[in-house]
Structures are given as structure tokens and as C-alpha cells.
$ cat entry13.txt   # compact mmCIF, C-alpha atoms and all ligand atoms
# COMPACT_ATOMS: atom_id res chain seq x y z
CA MET P 1 136.16 -72.67 152.82
CA LEU P 2 133.43 -74.67 151.07
CA GLU P 3 132.58 -77.90 152.91
CA LEU P 4 131.13 -80.95 151.20
CA LEU P 5 129.15 -83.05 153.65
CA GLN P 6 129.03 -86.58 152.31
CA PHE P 7 129.36 -90.33 152.91
CA HIS P 8 132.74 -91.92 153.50
CA PRO P 9 134.59 -92.75 150.27
CA ALA P 10 134.45 -96.47 149.42
CA PHE P 11 135.26 -98.94 146.64
CA GLY P 12 138.41 -96.97 145.77
CA LEU P 13 136.11 -94.30 144.30
CA MET P 14 135.71 -90.68 145.31
CA ASN P 15 132.36 -91.70 146.75
CA PRO P 16 129.98 -94.68 146.53
CA SER P 17 127.11 -92.18 146.20
CA PRO P 18 127.05 -90.83 142.64
CA PHE P 19 125.40 -87.65 143.96
CA CYS P 20 128.25 -86.94 146.39
CA MET P 21 130.84 -87.83 143.77
CA LYS P 22 129.15 -85.56 141.22
CA VAL P 23 129.54 -82.54 143.51
CA GLU P 24 133.17 -83.27 144.28
CA VAL P 25 133.93 -83.76 140.59
CA PHE P 26 132.31 -80.42 139.83
CA LEU P 27 134.27 -78.67 142.59
CA ARG P 28 137.50 -80.06 141.16
CA LEU P 29 136.62 -79.14 137.58
CA ALA P 30 135.79 -75.64 138.79
CA GLY P 31 139.08 -75.39 140.69
CA LEU P 32 137.23 -74.25 143.83
CA PRO P 33 138.96 -74.87 147.16
CA TYR P 34 136.89 -77.19 149.36
CA ARG P 35 137.20 -79.70 152.14
CA CYS P 36 135.20 -82.90 152.57
CA ARG P 37 133.41 -83.82 155.78
CA ASN P 38 133.03 -87.56 155.33
CA GLY P 39 130.85 -89.89 157.34
CA GLU P 40 127.92 -87.51 157.69
CA VAL P 41 124.50 -88.95 158.48
CA PRO P 42 121.64 -88.11 156.11
CA LEU P 43 119.08 -88.05 158.94
CA ARG P 44 120.84 -85.03 160.44
CA MET P 45 120.60 -83.05 157.20
CA PRO P 46 117.79 -80.58 156.43
CA LYS P 47 116.39 -82.78 153.62
CA ARG P 48 117.65 -86.04 155.16
CA LYS P 49 119.85 -86.76 152.16
CA LEU P 50 123.50 -86.29 151.22
CA PRO P 51 125.33 -84.48 149.73
CA VAL P 52 125.00 -81.09 151.39
CA LEU P 53 127.29 -78.12 150.77
CA ARG P 54 128.14 -75.70 153.55
CA ASP P 55 129.03 -72.31 152.15
CA GLY P 56 129.56 -69.99 155.11
CA ASP P 57 126.25 -69.91 156.99
CA LEU P 58 124.38 -71.43 154.07
CA LEU P 59 123.54 -75.13 153.77
CA VAL P 60 122.67 -76.16 150.22
CA CYS P 61 120.93 -79.53 149.87
CA ASP P 62 120.66 -81.65 146.70
CA SER P 63 123.51 -82.16 144.26
CA GLN P 64 121.95 -80.21 141.41
CA ALA P 65 120.98 -77.31 143.66
CA ILE P 66 124.61 -77.29 144.83
CA LEU P 67 125.93 -77.11 141.26
CA VAL P 68 123.56 -74.27 140.42
CA HIS P 69 124.55 -72.45 143.63
CA LEU P 70 128.23 -72.79 142.74
CA GLN P 71 127.61 -71.62 139.18
CA GLN P 72 125.68 -68.59 140.40
CA ARG P 73 128.05 -67.58 143.20
CA TYR P 74 131.42 -68.54 141.73
CA GLY P 75 130.69 -68.73 138.00
CA ALA P 76 132.83 -65.67 137.21
CA GLY P 77 136.00 -67.72 137.69
CA MET P 78 134.75 -70.85 135.91
CA PRO P 79 135.32 -72.02 132.34
CA ALA P 80 132.32 -71.28 130.10
CA SER P 81 131.43 -74.96 129.71
CA LEU P 82 131.04 -75.40 133.47
CA LYS P 83 128.85 -72.40 134.15
CA ALA P 84 126.52 -72.84 131.16
CA PRO P 85 122.87 -73.31 132.16
CA GLU P 86 121.55 -76.83 131.70
CA THR P 87 120.01 -77.48 128.28
CA ALA P 88 116.79 -79.46 127.81
CA GLY P 89 118.72 -82.43 126.44
CA GLU P 90 121.15 -82.36 129.37
CA LEU P 91 118.28 -82.27 131.85
CA VAL P 92 116.71 -85.35 130.29
CA ILE P 93 119.99 -87.30 130.38
CA ARG P 94 120.59 -86.31 134.00
CA ARG P 95 117.08 -87.20 135.10
CA THR P 96 117.34 -90.58 133.41
CA LEU P 97 120.45 -91.40 135.43
CA GLU P 98 119.37 -89.81 138.70
CA GLU P 99 115.74 -90.83 138.81
CA HIS P 100 115.74 -94.19 137.04
CA THR P 101 119.15 -95.78 136.45
CA LEU P 102 120.01 -94.95 140.04
CA PHE P 103 117.28 -97.22 141.39
CA ALA P 104 118.22 -100.12 139.12
CA GLY P 105 121.83 -99.66 140.22
CA LEU P 106 120.81 -99.55 143.87
CA TRP P 107 118.82 -102.76 143.43
CA LEU P 108 121.79 -104.48 141.80
CA ARG P 109 124.04 -103.34 144.64
CA TRP P 110 121.86 -103.68 147.70
CA VAL P 111 119.10 -106.16 146.94
CA ASP P 112 120.36 -108.64 144.34
CA PRO P 113 121.44 -111.72 146.37
CA PRO P 114 124.79 -112.38 144.57
CA ALA P 115 125.93 -108.77 145.16
CA TRP P 116 124.92 -108.47 148.81
CA PRO P 117 127.88 -110.25 150.49
CA GLN P 118 130.35 -108.18 148.43
CA LEU P 119 128.52 -104.93 149.14
CA LYS P 120 128.20 -105.70 152.83
CA GLU P 121 131.91 -106.36 153.18
CA ALA P 122 132.94 -103.33 151.13
CA MET P 123 130.62 -100.90 152.94
CA PHE P 124 130.48 -102.23 156.48
CA GLY P 125 133.52 -104.52 156.83
CA GLN P 126 135.41 -101.82 158.76
CA PHE P 127 132.59 -101.17 161.24
CA PRO P 128 133.22 -102.36 164.80
CA ALA P 129 131.17 -105.29 166.08
CA PRO P 130 128.25 -105.40 166.71
CA LEU P 131 127.46 -102.51 164.29
CA ARG P 132 128.98 -104.59 161.49
CA TRP P 133 126.14 -107.10 161.89
CA VAL P 134 123.29 -104.84 163.03
CA VAL P 135 123.52 -101.93 160.59
CA PRO P 136 123.70 -103.65 157.16
CA PRO P 137 120.29 -105.39 157.25
CA LEU P 138 118.63 -102.20 158.51
CA VAL P 139 120.09 -100.09 155.72
CA ARG P 140 119.29 -102.80 153.20
CA ARG P 141 115.67 -102.97 154.32
CA LYS P 142 115.25 -99.19 153.99
CA ILE P 143 116.83 -99.13 150.52
CA ARG P 144 114.71 -102.07 149.38
CA ARG P 145 111.61 -100.17 150.56
CA ASP P 146 112.71 -97.00 148.74
CA ILE P 147 113.28 -98.91 145.48
CA TRP P 148 109.90 -100.60 145.81
CA GLY P 149 108.24 -97.23 146.47
CA GLN P 150 109.91 -95.68 143.43
CA GLY P 151 108.67 -98.60 141.34
CA VAL P 152 111.80 -100.20 139.87
CA GLY P 153 111.84 -102.72 142.73
CA ARG P 154 108.56 -104.23 141.53
CA HIS P 155 110.18 -105.62 138.38
CA SER P 156 111.98 -108.94 137.99
CA ARG P 157 115.79 -109.08 138.00
CA GLU P 158 115.81 -109.53 134.21
CA GLU P 159 113.56 -106.51 133.73
CA ILE P 160 115.63 -104.34 136.05
CA VAL P 161 118.85 -105.27 134.26
CA ALA P 162 117.26 -104.66 130.84
CA ARG P 163 116.00 -101.24 131.89
CA ALA P 164 119.37 -100.19 133.30
CA LYS P 165 121.19 -101.38 130.19
CA ALA P 166 118.75 -99.47 127.97
CA ASP P 167 119.35 -96.29 130.00
CA LEU P 168 123.09 -96.69 129.75
CA ASP P 169 123.00 -97.38 126.01
CA ALA P 170 120.92 -94.25 125.44
CA VAL P 171 123.20 -92.09 127.58
CA VAL P 172 126.31 -93.37 125.80
CA GLU P 173 124.70 -92.84 122.38
CA LEU P 174 124.00 -89.23 123.28
CA LEU P 175 127.66 -88.53 124.04
CA GLY P 176 128.23 -87.70 120.38
CA PRO P 177 131.60 -87.31 118.68
CA LEU P 178 133.17 -84.81 121.11
CA PRO P 179 135.17 -85.78 124.20
CA TYR P 180 132.59 -84.52 126.71
CA TYR P 181 128.84 -84.00 126.86
CA ALA P 182 129.51 -80.27 127.04
CA GLY P 183 131.80 -80.41 123.95
CA GLN P 184 135.56 -80.01 123.95
CA GLU P 185 135.63 -79.22 127.67
CA PRO P 186 133.64 -80.83 130.50
CA GLY P 187 130.46 -79.26 131.84
CA ALA P 188 128.08 -79.87 134.73
CA LEU P 189 126.47 -82.88 133.03
CA ASP P 190 129.89 -84.49 132.73
CA ALA P 191 130.20 -84.40 136.52
CA THR P 192 126.94 -86.36 136.75
CA VAL P 193 127.62 -88.88 133.98
CA TYR P 194 131.15 -89.52 135.22
CA ALA P 195 129.99 -90.10 138.80
CA PHE P 196 127.48 -92.70 137.59
CA ALA P 197 129.89 -94.26 135.09
CA ALA P 198 132.70 -94.59 137.65
CA ASN P 199 130.35 -96.24 140.13
CA MET P 200 129.10 -98.64 137.46
CA LEU P 201 132.49 -99.48 136.00
CA TRP P 202 134.82 -99.52 138.97
CA ALA P 203 132.90 -100.44 142.12
CA PRO P 204 134.09 -103.93 143.12
CA ILE P 205 130.60 -105.43 142.98
CA ASP P 206 129.89 -107.91 140.17
CA SER P 207 126.72 -107.19 138.27
CA PRO P 208 125.33 -107.64 134.77
CA LEU P 209 125.21 -103.86 134.50
CA ARG P 210 128.91 -103.56 135.32
CA ALA P 211 129.71 -106.20 132.69
CA HIS P 212 127.56 -104.34 130.16
CA ALA P 213 129.22 -101.01 130.99
CA ARG P 214 132.69 -102.55 130.73
CA GLY P 215 131.77 -103.84 127.28
CA GLN P 216 131.23 -100.30 125.97
CA PRO P 217 134.57 -98.91 124.77
CA ARG P 218 133.20 -95.38 124.36
CA LEU P 219 131.98 -95.31 127.94
CA VAL P 220 135.22 -96.74 129.29
CA ALA P 221 137.27 -94.23 127.29
CA TYR P 222 135.03 -91.40 128.47
CA ALA P 223 135.34 -92.42 132.12
CA GLN P 224 139.12 -92.72 131.85
CA ARG P 225 139.29 -89.29 130.19
CA MET P 226 137.27 -87.80 133.03
CA ARG P 227 139.36 -89.61 135.66
CA GLU P 228 142.53 -88.11 134.22
CA ARG P 229 140.92 -84.70 134.10
CA VAL P 230 139.57 -84.82 137.65
CA GLY P 231 142.50 -86.69 139.14
CA ALA P 232 140.36 -89.36 140.84
N1 LIG P 301 118.30 -85.58 144.53
C1 LIG P 301 119.31 -85.77 145.53
C2 LIG P 301 119.47 -87.25 145.81
C3 LIG P 301 120.48 -87.53 146.90
C4 LIG P 301 120.36 -88.94 147.43
O1 LIG P 301 119.48 -89.70 147.02
N2 LIG P 301 121.23 -89.26 148.35
C5 LIG P 301 121.16 -90.58 148.97
C6 LIG P 301 122.50 -91.29 148.85
S1 LIG P 301 122.89 -91.69 147.17
C7 LIG P 301 120.86 -90.40 150.44
O2 LIG P 301 121.32 -89.49 151.09
N3 LIG P 301 120.08 -91.32 150.97
C8 LIG P 301 119.78 -91.35 152.37
C9 LIG P 301 118.37 -91.72 152.63
O3 LIG P 301 117.58 -91.86 151.69
O4 LIG P 301 118.06 -91.86 153.81
C10 LIG P 301 120.60 -85.14 145.07
O5 LIG P 301 120.77 -84.92 143.87
O6 LIG P 301 121.45 -84.81 145.92
$ encode --input "entry13.txt" --output "C-alpha cells"
Amino acid sequence: MLELLQFHPAFGLMNPSPFCMKVEVFLRLAGLPYRCRNGEVPLRMPKRKLPVLRDGDLLVCDSQAILVHLQQRYGAGMPASLKAPETAGELVIRRTLEEHTLFAGLWLRWVDPPAWPQLKEAMFGQFPAPLRWVVPPLVRRKIRRDIWGQGVGRHSREEIVARAKADLDAVVELLGPLPYYAGQEPGALDATVYAFAANMLWAPIDSPLRAHARGQPRLVAYAQRMRERVGA
């Protein structure tokens, strides 16, 4: 059976990592049998990131590579909208979320001082002492360094929030009049957008981005539609 190696679920969401959630959403939309191996450690993975899919002897790293692998190997049994190759427009929307909005969202979760106590409790509150005290600042320091290296972390809070809101507005505008990005039925991009939207809307961490997302009826309706479709 397919195995999804990922972080532990948190926040009442399928996964606090939008990349892990994206893969699980896709697996569900595709109706493929799978089991989750939660609590994996990125450092032990070939590319030192999660998610990873184990398919027999094969380990597939990177959420998009996983989706493409699933489309290529199991596409015959999938609805047309799910196995369609990514269009140029879809790629640009996905890259915006995965390579830019992600870092603003990470900053608002992990670095922004008002969010940190909530995040720490939600992510590490169940850890045994002394890990509960030792691990959070180490993870936070690494994530802060990553966001700085990517570039978003060099902006002020106001600039980061403005950039994330602009991304979200653009992504919502591009949804168009149909229920899903792929049209009448969800496609691979819907797995990505839903994973990001659910994390923005429903993670129990206050942020100006969450308030902005919650103020967008089309986004909220879209996320609810996807939640009903996926069942989580
Ligand atoms: N491009 C990758 C990104 C995956 C990714 O950034 N995963 C993060 C969690 S959201 C991770 O494993 N981080 C661990 C680390 O950087 O050490 C994908 O699409 O799977």
C-alpha cells in the first residue's frame, strides 16, 4: 500500500504542513488506498524535507513530484480533472503559494511575537519535558533562518502581511466562476490551494492573514466545498 511519510497532524487539520496536506488531499480525491506514517523526521529523508511517498521500493520526495508520480502510475483510474497535466496558469498559482505565500505564512506562524505562544502550545504542548522547552526555540531559529535566506524575512511585519494578502487576493481572483480551479471537478491545483487555504483559515493561530482570509466569502466557500469533498 502507498505510504505517506509526513508530520503529525495538528490544529485539527489533516496536517500543519500544506505540502503534506496537499498530498493527502490528492490521494483522497484520487480514491487511492494509502496509509499515513506520521511523526517522520525530515532530516532522515533523502531530500531532508517532508512529505515523502513510499510506493513499494520507491521513495518519491517533494509534493509535486509525488502528484506527478501518482498521475503517471495510477492515472488510468483517476477522473480526467485529476490526471490532467499542469497548465502554465496553474503552475504560476502553485508557485506563488508554495514559494512565496508559504514563507509569509511561516513568518506569521513561527516568528511573529503574538503568534509564537499559540504556535508553541499547539505544536509542542504534548511533548514530554524537557523536549517541550528545548525543541521549540531550536525549530524556531532554523525556520527564522530559512525565511531570512529566502528573503521574505527581511521585510517588516507590515510588508510581509501586505505581500501575503496580495498573493491571496490574486489566487482567489483566479478561481473564476466554476467551483474548482480545474473546473466542475477538482484537480491537482485544488489539492494545493485547499491545503494552503485550510491552514490559513482554520489553524488556531491569530494572524492578520487569517483575518483577511476569513473576510473572503469566495475563499471560505471554496475551502468548505473542498472539505466536504475530501472529508477532512
Ligand atoms: N517543495 C517541497 C517543500 C516541502 C517542505 O518545505 N517541507 C517542509 C515542511 S512544510 C519541511 O520538511 N521542512 C523541514 C526542513 O526544512 O528541515 C514539497 O513540495 O514537498
$ closest_atom_pairs --input "entry13.txt" --of "chain P" --to "ligand LIG 301 (chain P)" --cutoff "10 Å" --atoms "all atoms listed in the file" --output "Markdown table"
| residue | atom | partner | partner_atom | distance |
| --- | --- | --- | --- | --- |
| P:Gln6 | CA | P:LIG301 | O2 | 8.3 |
| P:Phe7 | CA | P:LIG301 | C6 | 8.0 |
| P:Asn15 | CA | P:LIG301 | S1 | 9.5 |
| P:Pro16 | CA | P:LIG301 | S1 | 7.7 |
| P:Ser17 | CA | P:LIG301 | S1 | 4.4 |
| P:Pro18 | CA | P:LIG301 | S1 | 6.2 |
| P:Phe19 | CA | P:LIG301 | O6 | 5.2 |
| P:Cys20 | CA | P:LIG301 | O6 | 7.1 |
| P:Met21 | CA | P:LIG301 | S1 | 9.5 |
| P:Lys22 | CA | P:LIG301 | O5 | 8.8 |
| P:Val23 | CA | P:LIG301 | O6 | 8.7 |
| P:Glu40 | CA | P:LIG301 | O2 | 9.5 |
| P:Val41 | CA | P:LIG301 | O2 | 8.1 |
| P:Pro42 | CA | P:LIG301 | O2 | 5.2 |
| P:Leu43 | CA | P:LIG301 | O4 | 6.5 |
| P:Arg44 | CA | P:LIG301 | O4 | 9.9 |
| P:Met45 | CA | P:LIG301 | O2 | 8.9 |
| P:Lys47 | CA | P:LIG301 | O2 | 8.7 |
| P:Arg48 | CA | P:LIG301 | O4 | 6.0 |
| P:Lys49 | CA | P:LIG301 | O2 | 3.3 |
| P:Leu50 | CA | P:LIG301 | O2 | 3.9 |
| P:Pro51 | CA | P:LIG301 | O6 | 5.4 |
| P:Val52 | CA | P:LIG301 | O6 | 7.5 |
| P:Val60 | CA | P:LIG301 | O6 | 9.7 |
| P:Cys61 | CA | P:LIG301 | O6 | 6.6 |
| P:Asp62 | CA | P:LIG301 | O6 | 3.3 |
| P:Ser63 | CA | P:LIG301 | O6 | 3.7 |
| P:Gln64 | CA | P:LIG301 | O5 | 5.4 |
| P:Ala65 | CA | P:LIG301 | O5 | 7.6 |
| P:Ile66 | CA | P:LIG301 | O6 | 8.2 |
| P:Leu67 | CA | P:LIG301 | O5 | 9.7 |
| P:Arg94 | CA | P:LIG301 | O5 | 10.0 |
| P:Arg95 | CA | P:LIG301 | N1 | 9.6 |
| P:Glu98 | CA | P:LIG301 | O5 | 7.3 |
| P:Glu99 | CA | P:LIG301 | N1 | 8.2 |
| P:Leu102 | CA | P:LIG301 | S1 | 8.4 |
| P:Phe103 | CA | P:LIG301 | O1 | 9.6 |
| P:Leu106 | CA | P:LIG301 | S1 | 8.8 |
| P:Val139 | CA | P:LIG301 | O4 | 8.7 |
| P:Lys142 | CA | P:LIG301 | O4 | 7.9 |
| P:Ile143 | CA | P:LIG301 | O3 | 7.4 |
| P:Asp146 | CA | P:LIG301 | O3 | 7.7 |
| P:Thr192 | CA | P:LIG301 | O5 | 9.5 |
$ write_last_selection --input "entry13.txt" --atoms "C-alpha atoms" --output "short mmCIF file (atom, residue, chain, number, x, y, z; two decimals), in the coordinates of the input"
data_model
loop_
_atom_site.label_atom_id
_atom_site.label_comp_id
_atom_site.auth_asym_id
_atom_site.auth_seq_id
_atom_site.Cartn_x
_atom_site.Cartn_y
_atom_site.Cartn_z
CA GLN P 6 129.03 -86.58 152.31
CA PHE P 7 129.36 -90.33 152.91
CA ASN P 15 132.36 -91.70 146.75
CA PRO P 16 129.98 -94.68 146.53
CA SER P 17 127.11 -92.18 146.20
CA PRO P 18 127.05 -90.83 142.64
CA PHE P 19 125.40 -87.65 143.96
CA CYS P 20 128.25 -86.94 146.39
CA MET P 21 130.84 -87.83 143.77
CA LYS P 22 129.15 -85.56 141.22
CA VAL P 23 129.54 -82.54 143.51
CA GLU P 40 127.92 -87.51 157.69
CA VAL P 41 124.50 -88.95 158.48
CA PRO P 42 121.64 -88.11 156.11
CA LEU P 43 119.08 -88.05 158.94
CA ARG P 44 120.84 -85.03 160.44
CA MET P 45 120.60 -83.05 157.20
CA LYS P 47 116.39 -82.78 153.62
CA ARG P 48 117.65 -86.04 155.16
CA LYS P 49 119.85 -86.76 152.16
CA LEU P 50 123.50 -86.29 151.22
CA PRO P 51 125.33 -84.48 149.73
CA VAL P 52 125.00 -81.09 151.39
CA VAL P 60 122.67 -76.16 150.22
CA CYS P 61 120.93 -79.53 149.87
CA ASP P 62 120.66 -81.65 146.70
CA SER P 63 123.51 -82.16 144.26
CA GLN P 64 121.95 -80.21 141.41
CA ALA P 65 120.98 -77.31 143.66
CA ILE P 66 124.61 -77.29 144.83
CA LEU P 67 125.93 -77.11 141.26
CA ARG P 94 120.59 -86.31 134.00
CA ARG P 95 117.08 -87.20 135.10
CA GLU P 98 119.37 -89.81 138.70
CA GLU P 99 115.74 -90.83 138.81
CA LEU P 102 120.01 -94.95 140.04
CA PHE P 103 117.28 -97.22 141.39
CA LEU P 106 120.81 -99.55 143.87
CA VAL P 139 120.09 -100.09 155.72
CA LYS P 142 115.25 -99.19 153.99
CA ILE P 143 116.83 -99.13 150.52
CA ASP P 146 112.71 -97.00 148.74
CA THR P 192 126.94 -86.36 136.75
#
$ atom_distance --input "entry13.txt" --atom1 "CA of Thr101 (chain P)" --atom2 "CA of Ala88 (chain P)"
18.6 Å
$ closest_residue --input "entry13.txt" --among "P:Val134, P:Val171, P:Met1, P:Cys36" --to "Phe196 (chain P)" --atoms "all atoms listed in the file"
P:Val171
$ closest_residue --input "entry13.txt" --among "P:Val220, P:Ala188, P:Val135, P:Ala115" --to "Trp202 (chain P)" --atoms "all atoms listed in the file"
P:Val220
$ residues_near_point --input "entry13.txt" --point "(120.3, -84.7, 127.2)" --cutoff "12 Å" --atoms "all atoms listed in the file" --output "list of chain:residue names"
P:Glu86, P:Thr87, P:Ala88, P:Gly89, P:Glu90, P:Leu91, P:Val92, P:Ile93, P:Arg94, P:Arg95, P:Thr96, P:Leu97, P:Asp167, P:Ala170, P:Val171, P:Val172, P:Glu173, P:Leu174, P:Leu175, P:Gly176, P:Tyr181, P:Ala182, P:Ala188, P:Leu189, P:Asp190, P:Thr192, P:Val193
$ closest_residue --input "entry13.txt" --among "P:Leu119, P:Met14, P:Met78, P:Leu108" --to "Gly153 (chain P)" --atoms "all atoms listed in the file"
P:Leu108
$ closest_residue --input "entry13.txt" --among "P:Pro9, P:Arg37, P:Lys120, P:Pro79" --to "Trp133 (chain P)" --atoms "only C-alpha atoms"
P:Lys120
$ closest_residue --input "entry13.txt" --among "P:Gly151, P:Asp206, P:Pro217, P:Pro186" --to "Trp116 (chain P)" --atoms "all atoms listed in the file"
P:Asp206
$ residues_around --input "entry13.txt" --residues "Leu32 (chain P)" --least-positions-apart "6" --cutoff "10 Å" --atoms "only C-alpha atoms" --output "PDB file with C-alpha atoms, in the coordinates of the input"
ATOM      1  CA  MET P   1     136.160 -72.670 152.820  1.00  0.00           C
ATOM      2  CA  LEU P   2     133.430 -74.670 151.070  1.00  0.00           C
ATOM      3  CA  GLU P  24     133.170 -83.270 144.280  1.00  0.00           C
ATOM      4  CA  PHE P  26     132.310 -80.420 139.830  1.00  0.00           C
ATOM      5  CA  LEU P  70     128.230 -72.790 142.740  1.00  0.00           C
ATOM      6  CA  TYR P  74     131.420 -68.540 141.730  1.00  0.00           C
ATOM      7  CA  GLY P  77     136.000 -67.720 137.690  1.00  0.00           C
ATOM      8  CA  MET P  78     134.750 -70.850 135.910  1.00  0.00           C
TER       9      MET P  78
END
$ atom_distance --input "entry13.txt" --atom1 "CA of His155 (chain P)" --atom2 "CA of Pro208 (chain P)"
15.7 Å
$ atom_distance --input "entry13.txt" --atom1 "CA of Leu53 (chain P)" --atom2 "CA of Glu3 (chain P)"
5.7 Å
$ residues_around --input "entry13.txt" --residues "Val152 (chain P)" --least-positions-apart "3" --cutoff "9 Å" --atoms "all atoms listed in the file" --output "PDB file with C-alpha atoms, in the frame of the given file"
ATOM      1  CA  HIS P 100     115.740 -94.190 137.040  1.00  0.00           C
ATOM      2  CA  PHE P 103     117.280 -97.220 141.390  1.00  0.00           C
ATOM      3  CA  ALA P 104     118.220-100.120 139.120  1.00  0.00           C
ATOM      4  CA  TRP P 107     118.820-102.760 143.430  1.00  0.00           C
ATOM      5  CA  ILE P 147     113.280 -98.910 145.480  1.00  0.00           C
ATOM      6  CA  TRP P 148     109.900-100.600 145.810  1.00  0.00           C
ATOM      7  CA  GLY P 149     108.240 -97.230 146.470  1.00  0.00           C
ATOM      8  CA  HIS P 155     110.180-105.620 138.380  1.00  0.00           C
ATOM      9  CA  SER P 156     111.980-108.940 137.990  1.00  0.00           C
ATOM     10  CA  GLU P 159     113.560-106.510 133.730  1.00  0.00           C
ATOM     11  CA  ILE P 160     115.630-104.340 136.050  1.00  0.00           C
TER      12      ILE P 160
END
$ closest_residue --input "entry13.txt" --among "P:Arg109, P:Arg145, P:Arg218, P:Arg140" --to "Leu178 (chain P)" --atoms "all atoms listed in the file"
P:Arg218
$ axis_aligned_box --input "entry13.txt" --around "region 9-14 of chain P" --padding-each-side "8 Å" --output "lines of an AutoDock Vina configuration file"
center_x = 136.4
center_y = -94.8
center_z = 147.3
size_x = 20.0
size_y = 24.3
size_z = 22.0
$ residues_around --input "entry13.txt" --residues "Leu209 (chain P)" --least-positions-apart "3" --cutoff "9 Å" --atoms "all atoms listed in the file" --output "MDAnalysis selection string"
chainID P and resid 105 108 161:162 164:165 168 200:201 206 212:214
$ write_last_selection --input "entry13.txt" --atoms "C-alpha atoms" --output "PDB file, in the frame of the given file"
ATOM      1  CA  GLY P 105     121.830 -99.660 140.220  1.00  0.00           C
ATOM      2  CA  LEU P 108     121.790-104.480 141.800  1.00  0.00           C
ATOM      3  CA  VAL P 161     118.850-105.270 134.260  1.00  0.00           C
ATOM      4  CA  ALA P 162     117.260-104.660 130.840  1.00  0.00           C
ATOM      5  CA  ALA P 164     119.370-100.190 133.300  1.00  0.00           C
ATOM      6  CA  LYS P 165     121.190-101.380 130.190  1.00  0.00           C
ATOM      7  CA  LEU P 168     123.090 -96.690 129.750  1.00  0.00           C
ATOM      8  CA  MET P 200     129.100 -98.640 137.460  1.00  0.00           C
ATOM      9  CA  LEU P 201     132.490 -99.480 136.000  1.00  0.00           C
ATOM     10  CA  ASP P 206     129.890-107.910 140.170  1.00  0.00           C
ATOM     11  CA  HIS P 212     127.560-104.340 130.160  1.00  0.00           C
ATOM     12  CA  ALA P 213     129.220-101.010 130.990  1.00  0.00           C
ATOM     13  CA  ARG P 214     132.690-102.550 130.730  1.00  0.00           C
TER      14      ARG P 214
END
$ build_atoms --input "entry13.txt" --residues "region 147-160 of chain P" --atoms "N, CA and C atoms" --output "short mmCIF file (atom, residue, chain, number, x, y, z; two decimals), in the coordinates of the input"
data_model
loop_
_atom_site.label_atom_id
_atom_site.label_comp_id
_atom_site.auth_asym_id
_atom_site.auth_seq_id
_atom_site.Cartn_x
_atom_site.Cartn_y
_atom_site.Cartn_z
N ILE P 147 113.28 -98.50 146.90
CA ILE P 147 113.28 -98.91 145.48
C ILE P 147 111.89 -99.45 145.10
N TRP P 148 111.27 -100.12 146.05
CA TRP P 148 109.90 -100.60 145.81
C TRP P 148 108.96 -99.40 145.65
N GLY P 149 109.11 -98.42 146.53
CA GLY P 149 108.24 -97.23 146.47
C GLY P 149 108.42 -96.47 145.17
N GLN P 150 109.66 -96.38 144.70
CA GLN P 150 109.91 -95.68 143.43
C GLN P 150 109.32 -96.46 142.27
N GLY P 151 109.31 -97.78 142.38
CA GLY P 151 108.67 -98.60 141.34
C GLY P 151 109.59 -99.61 140.69
N VAL P 152 110.87 -99.27 140.54
CA VAL P 152 111.80 -100.20 139.87
C VAL P 152 111.85 -101.54 140.60
N GLY P 153 111.73 -101.50 141.92
CA GLY P 153 111.84 -102.72 142.73
C GLY P 153 110.71 -103.70 142.51
N ARG P 154 109.68 -103.30 141.78
CA ARG P 154 108.56 -104.23 141.53
C ARG P 154 108.81 -105.11 140.32
N HIS P 155 109.89 -104.82 139.57
CA HIS P 155 110.18 -105.62 138.38
C HIS P 155 111.05 -106.83 138.74
N SER P 156 111.10 -107.77 137.79
CA SER P 156 111.98 -108.94 137.99
C SER P 156 113.43 -108.50 137.77
N ARG P 157 114.35 -109.37 138.20
CA ARG P 157 115.79 -109.08 138.00
C ARG P 157 116.09 -108.81 136.52
N GLU P 158 115.54 -109.67 135.64
CA GLU P 158 115.81 -109.53 134.21
C GLU P 158 115.30 -108.17 133.70
N GLU P 159 114.13 -107.80 134.17
CA GLU P 159 113.56 -106.51 133.73
C GLU P 159 114.39 -105.34 134.24
N ILE P 160 114.82 -105.43 135.48
CA ILE P 160 115.63 -104.34 136.05
C ILE P 160 116.94 -104.19 135.28
#
